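*Asks:* What follows is input_30.txt, compact mmCIF, C-alpha atoms.
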# COMPACT_ATOMS: atom_id res chain seq x y z
CA MET A 488 -17.81 36.40 14.87
CA GLN A 489 -18.14 32.72 14.14
CA LEU A 490 -17.60 31.51 10.58
CA PHE A 491 -19.45 28.25 11.00
CA SER A 492 -22.48 27.34 12.99
CA LEU A 493 -20.95 23.90 13.56
CA SER A 494 -19.33 23.11 16.87
CA ALA A 495 -15.65 22.15 17.01
CA PRO A 496 -16.32 18.45 17.74
CA VAL A 497 -18.54 18.22 14.64
CA VAL A 498 -15.88 19.87 12.48
CA TRP A 499 -13.22 17.45 13.77
CA LEU A 500 -15.59 14.53 13.17
CA ILE A 501 -16.16 15.67 9.59
CA LEU A 502 -12.39 15.98 9.07
CA LEU A 503 -11.85 12.55 10.63
CA VAL A 504 -14.37 10.97 8.25
CA PHE A 505 -12.93 12.89 5.29
CA PHE A 506 -9.35 11.74 5.96
CA ALA A 507 -10.47 8.15 6.66
CA VAL A 508 -12.45 8.00 3.40
CA LEU A 509 -9.54 9.58 1.52
CA GLU A 510 -7.19 6.93 2.92
CA GLY A 511 -9.64 4.18 2.01
CA VAL A 512 -9.84 5.43 -1.57
CA THR A 513 -6.12 5.95 -2.10
CA VAL A 514 -4.69 3.15 0.09
CA SER A 515 -1.33 4.89 0.00
CA LEU A 516 -0.77 5.69 3.67
CA SER A 517 -1.00 9.39 2.90
CA SER A 518 -3.91 10.60 5.00
CA VAL A 519 -4.30 8.07 7.80
CA TRP A 520 -1.94 10.21 9.89
CA PHE A 521 -4.27 13.20 9.55
CA ALA A 522 -7.25 11.03 10.43
CA LEU A 523 -5.48 10.08 13.67
CA GLY A 524 -4.69 13.75 14.31
CA ALA A 525 -8.34 14.67 13.71
CA LEU A 526 -9.42 11.94 16.13
CA ALA A 527 -7.10 13.30 18.81
CA ALA A 528 -8.32 16.86 18.19
CA LEU A 529 -11.93 15.62 18.35
CA LEU A 530 -11.28 14.06 21.76
CA VAL A 531 -9.56 17.23 23.00
CA SER A 532 -12.42 19.39 21.67
CA LEU A 533 -14.85 17.53 23.90
CA PHE A 534 -13.02 18.84 26.98
CA ILE A 535 -11.20 22.00 25.86
CA ASP A 536 -12.94 24.74 23.89
CA ASN A 537 -9.74 26.49 22.73
CA LEU A 538 -9.35 26.13 18.92
CA TRP A 539 -5.57 26.80 19.04
CA ILE A 540 -5.00 23.93 21.45
CA GLN A 541 -7.10 21.65 19.22
CA LEU A 542 -5.10 22.68 16.12
CA PHE A 543 -1.86 22.13 18.04
CA VAL A 544 -2.97 18.62 19.10
CA PHE A 545 -4.03 17.86 15.52
CA ALA A 546 -0.65 18.96 14.13
CA VAL A 547 1.45 17.22 16.79
CA VAL A 548 -0.42 13.90 16.66
CA SER A 549 -0.42 13.89 12.85
CA LEU A 550 3.30 14.63 12.71
CA VAL A 551 4.28 12.17 15.45
CA THR A 552 2.26 9.30 13.96
CA LEU A 553 3.65 10.08 10.52
CA LEU A 554 7.25 10.09 11.72
CA LEU A 555 6.95 7.03 13.96
CA MET A 556 4.65 4.76 12.01
CA ARG A 557 5.26 5.47 8.31
CA PRO A 558 8.65 3.73 8.10
CA LEU A 559 7.20 0.68 9.85
CA ALA A 560 4.06 0.65 7.71
CA THR A 561 5.92 1.06 4.41
CA ARG A 562 8.25 -1.78 5.36
CA MET A 563 5.28 -4.02 6.16
CA PHE A 564 3.33 -3.22 3.00
CA GLN A 565 6.25 -2.83 0.65
CA LYS A 566 6.13 -5.18 -2.31
CA LYS A 567 8.81 -7.77 -2.23
CA GLY A 568 11.26 -7.35 -5.03
CA PHE A 569 13.37 -10.01 -6.60
CA THR A 570 13.36 -13.24 -4.64
CA PRO A 571 16.60 -15.04 -5.31
CA THR A 572 16.36 -18.71 -6.14
CA ASN A 573 18.89 -21.40 -6.83
CA ALA A 574 17.89 -21.50 -10.50
CA ASP A 575 20.82 -19.26 -11.42
CA ARG A 576 23.21 -22.07 -10.47
CA ILE A 577 22.64 -23.55 -13.95
CA LEU A 578 23.99 -20.48 -15.73
CA GLY A 579 27.08 -21.39 -17.73
CA LYS A 580 26.45 -25.12 -17.32
CA THR A 581 26.16 -27.60 -20.15
CA GLY A 582 22.86 -29.23 -20.95
CA ILE A 583 21.57 -31.53 -23.64
CA VAL A 584 18.67 -30.75 -25.96
CA THR A 585 15.90 -33.31 -25.31
CA GLU A 586 13.36 -31.76 -27.69
CA ALA A 587 14.54 -29.86 -30.77
CA ILE A 588 14.62 -26.11 -30.17
CA ASP A 589 12.64 -24.01 -32.63
CA ASN A 590 12.05 -20.42 -31.49
CA TYR A 591 9.43 -19.76 -34.18
CA ALA A 592 7.34 -22.78 -33.17
CA ALA A 593 7.95 -21.99 -29.48
CA LYS A 594 9.26 -25.51 -28.87
CA GLY A 595 12.32 -26.95 -27.29
CA GLN A 596 13.57 -28.47 -24.08
CA VAL A 597 16.93 -28.89 -22.45
CA LYS A 598 17.99 -31.17 -19.62
CA VAL A 599 20.51 -29.55 -17.31
CA SER A 600 21.54 -30.65 -13.81
CA GLY A 601 18.82 -33.30 -13.87
CA GLN A 602 16.04 -30.82 -14.63
CA ILE A 603 14.06 -30.29 -17.80
CA TRP A 604 13.71 -26.67 -18.89
CA SER A 605 11.84 -25.06 -21.77
CA ALA A 606 14.52 -23.61 -23.99
CA ARG A 607 15.06 -21.09 -26.73
CA SER A 608 18.05 -20.51 -28.95
CA ASP A 609 20.08 -17.35 -28.36
CA SER A 610 20.62 -16.79 -32.08
CA GLY A 611 17.14 -17.88 -33.12
CA ALA A 612 18.57 -20.76 -35.17
CA PRO A 613 17.02 -24.21 -34.61
CA ILE A 614 19.01 -26.69 -32.51
CA SER A 615 18.53 -30.43 -32.98
CA ALA A 616 17.85 -32.91 -30.19
CA GLY A 617 20.98 -34.47 -28.69
CA VAL A 618 23.15 -31.36 -29.13
CA HIS A 619 25.08 -30.14 -26.10
CA VAL A 620 24.31 -26.51 -25.25
CA THR A 621 25.54 -23.87 -22.81
CA ILE A 622 22.97 -22.13 -20.62
CA LEU A 623 23.40 -18.38 -21.16
CA ARG A 624 20.54 -16.91 -19.14
CA ILE A 625 17.09 -17.53 -17.72
CA GLU A 626 14.10 -15.57 -19.01
CA GLY A 627 11.00 -16.38 -17.01
CA VAL A 628 10.66 -20.18 -17.10
CA ARG A 629 12.89 -20.65 -20.15
CA VAL A 630 16.61 -20.98 -20.54
CA ILE A 631 18.36 -19.26 -23.40
CA VAL A 632 21.04 -21.51 -24.84
CA ARG A 633 23.82 -21.63 -27.42
CA PRO A 634 25.26 -24.82 -28.94
CA GLU A 635 28.64 -25.63 -27.41
CA THR A 636 30.35 -25.71 -30.78
CA GLU A 637 29.28 -22.13 -31.46
CA THR A 638 31.66 -19.45 -30.20
CA ALA A 639 30.44 -16.43 -28.37
CA PRO A 640 30.67 -13.11 -30.20
CA SER A 641 33.84 -11.29 -29.20
CA ASP A 642 33.60 -7.95 -27.47
CA THR A 643 35.97 -5.54 -29.15
CA GLN A 644 36.36 -2.13 -27.62
Before we go any further, please render this structure as structure tokens.

*Replies:*
Amino acid sequence: MQLFSLSAPVVWLILLVFFAVLEGVTVSLSSVWFALGALAALLVSLFIDNLWIQLFVFAVVSLVTLLLMRPLATRMFQKKGFTPTNADRILGKTGIVTEAIDNYAAKGQVKVSGQIWSARSDSGAPISAGVHVTILRIEGVRVIVRPETETAPSDTQ
């Protein structure tokens, strides 16, 4: 008794299209392996009429392509994380305020190591132009500074 009136090659072709469309919609490298397995089973079904052999080929090709290609593909398409730059070399250095720093007005610039940076005060207090500051950290394109005369809060534990 046959469940479907479709021939095996047509079923494999439908599965191939289904998995390919699913991969195109998700773009997560989750079903391309099954599409390749369905393609292999489709090719086998054109020459061999045994359903068990076709299922075996589908499973083996899907598994082998998954195991061999997924690590390579994820490495290729993986988003690059933090890209280190030399900007962190200014951390802890002394700079001079070239434009008064006012966090509330979102203004302020510091010159450090020959470069001009947008700056914000660590404490939120305004800092006048000409004051020497220490670079504490970098947040985006701004440096966070503290006047040199100010002492850092002590860590008591």

*Asks:* Looking at only C-alpha atoms, which of A:Gly617, A:Pro496, A:Gly511, A:Pro634 is the one that sits closest to Phe534 in chain A?

*Replies:*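 Of the candidates, the smallest distance to Phe534 in chain A is held by A:Pro496.
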
*Asks:* What gap, in Å, lies between CA of Thr621 in chain A and CA of Gly582 in chain A?

*Replies:*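 Those two atoms sit 6.3 Å apart.
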
*Asks:* Which of these, A:Arg624, A:Lys598, A:Arg562, A:Arg629, has the shortest distance to Thr581 in chain A once you count all atoms listed in the file?

*Replies:*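 Going through A:Arg624, A:Lys598, A:Arg562, A:Arg629 one by one, the smallest distance to Thr581 in chain A is for A:Lys598.
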
*Asks:* Using all atoms listed in the file, which residues sit within 12 Å of range 576-579 of chain A once same-chain residues fewer than 6 positions away are excluded, as a PyMOL selection string?

*Replies:* chain A and resi 597-604+620-626+629-635

*Asks:* Keeping only C-alpha atoms, take the residues you just selected and write them out as a short mmCIF file (atom, residue, chain, number, x, y, z; two decimals), keeping the file's coordinate frame.

*Replies:*
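After the write, out_37.cif holds the following:
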data_model
loop_
_atom_site.label_atom_id
_atom_site.label_comp_id
_atom_site.auth_asym_id
_atom_site.auth_seq_id
_atom_site.Cartn_x
_atom_site.Cartn_y
_atom_site.Cartn_z
CA VAL A 597 16.93 -28.89 -22.45
CA LYS A 598 17.99 -31.17 -19.62
CA VAL A 599 20.51 -29.55 -17.31
CA SER A 600 21.54 -30.65 -13.81
CA GLY A 601 18.82 -33.30 -13.87
CA GLN A 602 16.04 -30.82 -14.63
CA ILE A 603 14.06 -30.29 -17.80
CA TRP A 604 13.71 -26.67 -18.89
CA VAL A 620 24.31 -26.51 -25.25
CA THR A 621 25.54 -23.87 -22.81
CA ILE A 622 22.97 -22.13 -20.62
CA LEU A 623 23.40 -18.38 -21.16
CA ARG A 624 20.54 -16.91 -19.14
CA ILE A 625 17.09 -17.53 -17.72
CA GLU A 626 14.10 -15.57 -19.01
CA ARG A 629 12.89 -20.65 -20.15
CA VAL A 630 16.61 -20.98 -20.54
CA ILE A 631 18.36 -19.26 -23.40
CA VAL A 632 21.04 -21.51 -24.84
CA ARG A 633 23.82 -21.63 -27.42
CA PRO A 634 25.26 -24.82 -28.94
CA GLU A 635 28.64 -25.63 -27.41
#

*Asks:* Write out as a ChimeraX atom specification the residues lying within 8 Å of Ser608 in chain A, counting all atoms listed in the file and excluding same-chain residues fewer than 3 positions away.

*Replies:* /A:588-590,611-614,631-633

*Asks:* Any chance you could export the current selection's C-alpha atoms as a compact mmCIF listing (two decimals), in the coordinates of the input?

*Replies:*
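Saved result, part_1.txt, follows:
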# COMPACT_ATOMS: atom_id res chain seq x y z
CA ILE A 588 14.62 -26.11 -30.17
CA ASP A 589 12.64 -24.01 -32.63
CA ASN A 590 12.05 -20.42 -31.49
CA GLY A 611 17.14 -17.88 -33.12
CA ALA A 612 18.57 -20.76 -35.17
CA PRO A 613 17.02 -24.21 -34.61
CA ILE A 614 19.01 -26.69 -32.51
CA ILE A 631 18.36 -19.26 -23.40
CA VAL A 632 21.04 -21.51 -24.84
CA ARG A 633 23.82 -21.63 -27.42

*Asks:* Return the padded bounding box of range 614-617 of chain A as JSON: axis-aligned, built from all atoms listed in the file, 8 Å added on each side, with centre and edge lengths in Å to one decimal.

*Replies:*
{"center_x": 19.4, "center_y": -30.6, "center_z": -30.8, "size_x": 19.1, "size_y": 23.8, "size_z": 20.3}

*Asks:* Using only C-alpha atoms, find the one residue out of A:Ala592, A:Ala560, A:Leu550, A:Leu542 that sits nearest to Ser515 in chain A.

*Replies:*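 That would be A:Ala560, the residue with the smallest distance to Ser515 in chain A.
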
*Asks:* Provide the CA of Val618 in chain A to CA of Gly595 in chain A distance in Å, to one decimal place.

*Replies:* 11.8 Å

*Asks:* When you draw a straight line from CA of Trp499 in chain A to CA of Leu526 in chain A, how long is it in Å?

*Replies:* 7.1 Å

*Asks:* Name all residues at most 12 Å from Asp536 in chain A (count all atoms listed in the file; drop same-chain ones fewer than 6 positions away) and give them as number ranges by chain.

*Replies:* A: 494-496, 528-530, 542

*Asks:* Could you take the residues named above and write them with C-alpha atoms, as a CSV table (one decimal), keeping the file's coordinate frame?

*Replies:*
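File produced: out14.csv:
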chain,number,residue,atom,x,y,z
A,494,SER,CA,-19.3,23.1,16.9
A,495,ALA,CA,-15.6,22.2,17.0
A,496,PRO,CA,-16.3,18.4,17.7
A,528,ALA,CA,-8.3,16.9,18.2
A,529,LEU,CA,-11.9,15.6,18.4
A,530,LEU,CA,-11.3,14.1,21.8
A,542,LEU,CA,-5.1,22.7,16.1

*Asks:* Find the spatial neighbours of Ala507 in chain A, counting only C-alpha atoms, within a cut-off of 9 Å - ignore same-chain residues fewer than 4 positions away - and output them as a list in words.

*Replies:*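 Within the cut-off, the hits are Leu502, Leu503, Gly511, Val512, Ser518, Val519, Phe521, Ala522 and Leu523 of chain A.
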
*Asks:* Quick one: write out the picked residues with C-alpha atoms as a PDB file, in the frame of the given file?

*Replies:*
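Writing done, so here's result.pdb:
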ATOM      1  CA  LEU A 502     -12.390  15.980   9.070  1.00  0.00           C
ATOM      2  CA  LEU A 503     -11.850  12.550  10.630  1.00  0.00           C
ATOM      3  CA  GLY A 511      -9.640   4.180   2.010  1.00  0.00           C
ATOM      4  CA  VAL A 512      -9.840   5.430  -1.570  1.00  0.00           C
ATOM      5  CA  SER A 518      -3.910  10.600   5.000  1.00  0.00           C
ATOM      6  CA  VAL A 519      -4.300   8.070   7.800  1.00  0.00           C
ATOM      7  CA  PHE A 521      -4.270  13.200   9.550  1.00  0.00           C
ATOM      8  CA  ALA A 522      -7.250  11.030  10.430  1.00  0.00           C
ATOM      9  CA  LEU A 523      -5.480  10.080  13.670  1.00  0.00           C
TER      10      LEU A 523
END

*Asks:* Model the absent atoms of range 494-519 of chain A so that N, CA and C atoms are present, and write the result as an mmCIF file, in the coordinates of the input.

*Replies:*
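Output file rebuild36.cif follows:
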data_model
loop_
_atom_site.group_PDB
_atom_site.id
_atom_site.type_symbol
_atom_site.label_atom_id
_atom_site.label_comp_id
_atom_site.auth_asym_id
_atom_site.auth_seq_id
_atom_site.Cartn_x
_atom_site.Cartn_y
_atom_site.Cartn_z
ATOM 1 N N SER A 494 -20.208 23.131 15.711
ATOM 2 C CA SER A 494 -19.330 23.110 16.870
ATOM 3 C C SER A 494 -18.006 22.443 16.497
ATOM 4 N N ALA A 495 -16.982 22.696 17.284
ATOM 5 C CA ALA A 495 -15.650 22.150 17.010
ATOM 6 C C ALA A 495 -15.661 20.621 16.940
ATOM 7 N N PRO A 496 -16.323 19.909 17.843
ATOM 8 C CA PRO A 496 -16.320 18.450 17.740
ATOM 9 C C PRO A 496 -16.913 17.948 16.407
ATOM 10 N N VAL A 497 -17.926 18.635 15.919
ATOM 11 C CA VAL A 497 -18.540 18.220 14.640
ATOM 12 C C VAL A 497 -17.570 18.453 13.489
ATOM 13 N N VAL A 498 -16.864 19.582 13.525
ATOM 14 C CA VAL A 498 -15.880 19.870 12.480
ATOM 15 C C VAL A 498 -14.777 18.814 12.492
ATOM 16 N N TRP A 499 -14.271 18.475 13.677
ATOM 17 C CA TRP A 499 -13.220 17.450 13.770
ATOM 18 C C TRP A 499 -13.738 16.088 13.313
ATOM 19 N N LEU A 500 -14.989 15.795 13.615
ATOM 20 C CA LEU A 500 -15.590 14.530 13.170
ATOM 21 C C LEU A 500 -15.695 14.492 11.652
ATOM 22 N N ILE A 501 -16.088 15.598 11.058
ATOM 23 C CA ILE A 501 -16.160 15.670 9.590
ATOM 24 C C ILE A 501 -14.773 15.484 8.982
ATOM 25 N N LEU A 502 -13.762 16.145 9.567
ATOM 26 C CA LEU A 502 -12.390 15.980 9.070
ATOM 27 C C LEU A 502 -11.901 14.540 9.249
ATOM 28 N N LEU A 503 -12.235 13.941 10.383
ATOM 29 C CA LEU A 503 -11.850 12.550 10.630
ATOM 30 C C LEU A 503 -12.435 11.635 9.559
ATOM 31 N N VAL A 504 -13.713 11.795 9.276
ATOM 32 C CA VAL A 504 -14.370 10.970 8.250
ATOM 33 C C VAL A 504 -13.762 11.251 6.880
ATOM 34 N N PHE A 505 -13.521 12.528 6.582
ATOM 35 C CA PHE A 505 -12.930 12.890 5.290
ATOM 36 C C PHE A 505 -11.566 12.210 5.091
ATOM 37 N N PHE A 506 -10.684 12.333 6.087
ATOM 38 C CA PHE A 506 -9.350 11.740 5.960
ATOM 39 C C PHE A 506 -9.419 10.207 5.925
ATOM 40 N N ALA A 507 -10.324 9.614 6.670
ATOM 41 C CA ALA A 507 -10.470 8.150 6.660
ATOM 42 C C ALA A 507 -10.969 7.673 5.303
ATOM 43 N N VAL A 508 -11.937 8.373 4.731
ATOM 44 C CA VAL A 508 -12.450 8.000 3.400
ATOM 45 C C VAL A 508 -11.358 8.208 2.354
ATOM 46 N N LEU A 509 -10.635 9.310 2.460
ATOM 47 C CA LEU A 509 -9.540 9.580 1.520
ATOM 48 C C LEU A 509 -8.491 8.471 1.579
ATOM 49 N N GLU A 510 -8.155 8.029 2.776
ATOM 50 C CA GLU A 510 -7.190 6.930 2.920
ATOM 51 C C GLU A 510 -7.747 5.638 2.338
ATOM 52 N N GLY A 511 -9.025 5.392 2.554
ATOM 53 C CA GLY A 511 -9.640 4.180 2.010
ATOM 54 C C GLY A 511 -9.666 4.174 0.497
ATOM 55 N N VAL A 512 -9.810 5.338 -0.102
ATOM 56 C CA VAL A 512 -9.840 5.430 -1.570
ATOM 57 C C VAL A 512 -8.446 5.311 -2.155
ATOM 58 N N THR A 513 -7.470 5.943 -1.536
ATOM 59 C CA THR A 513 -6.120 5.950 -2.100
ATOM 60 C C THR A 513 -5.269 4.766 -1.657
ATOM 61 N N VAL A 514 -5.457 4.263 -0.480
ATOM 62 C CA VAL A 514 -4.690 3.150 0.090
ATOM 63 C C VAL A 514 -3.183 3.373 -0.096
ATOM 64 N N SER A 515 -2.743 4.581 0.197
ATOM 65 C CA SER A 515 -1.330 4.890 0.000
ATOM 66 C C SER A 515 -0.649 5.388 1.266
ATOM 67 N N LEU A 516 -1.293 5.220 2.388
ATOM 68 C CA LEU A 516 -0.770 5.690 3.670
ATOM 69 C C LEU A 516 -0.395 7.165 3.598
ATOM 70 N N SER A 517 -1.288 7.971 3.017
ATOM 71 C CA SER A 517 -1.000 9.390 2.900
ATOM 72 C C SER A 517 -1.876 10.248 3.793
ATOM 73 N N SER A 518 -3.037 9.763 4.185
ATOM 74 C CA SER A 518 -3.910 10.600 5.000
ATOM 75 C C SER A 518 -4.348 9.948 6.308
ATOM 76 N N VAL A 519 -3.935 8.730 6.557
ATOM 77 C CA VAL A 519 -4.300 8.070 7.800
ATOM 78 C C VAL A 519 -3.734 8.833 9.003
#
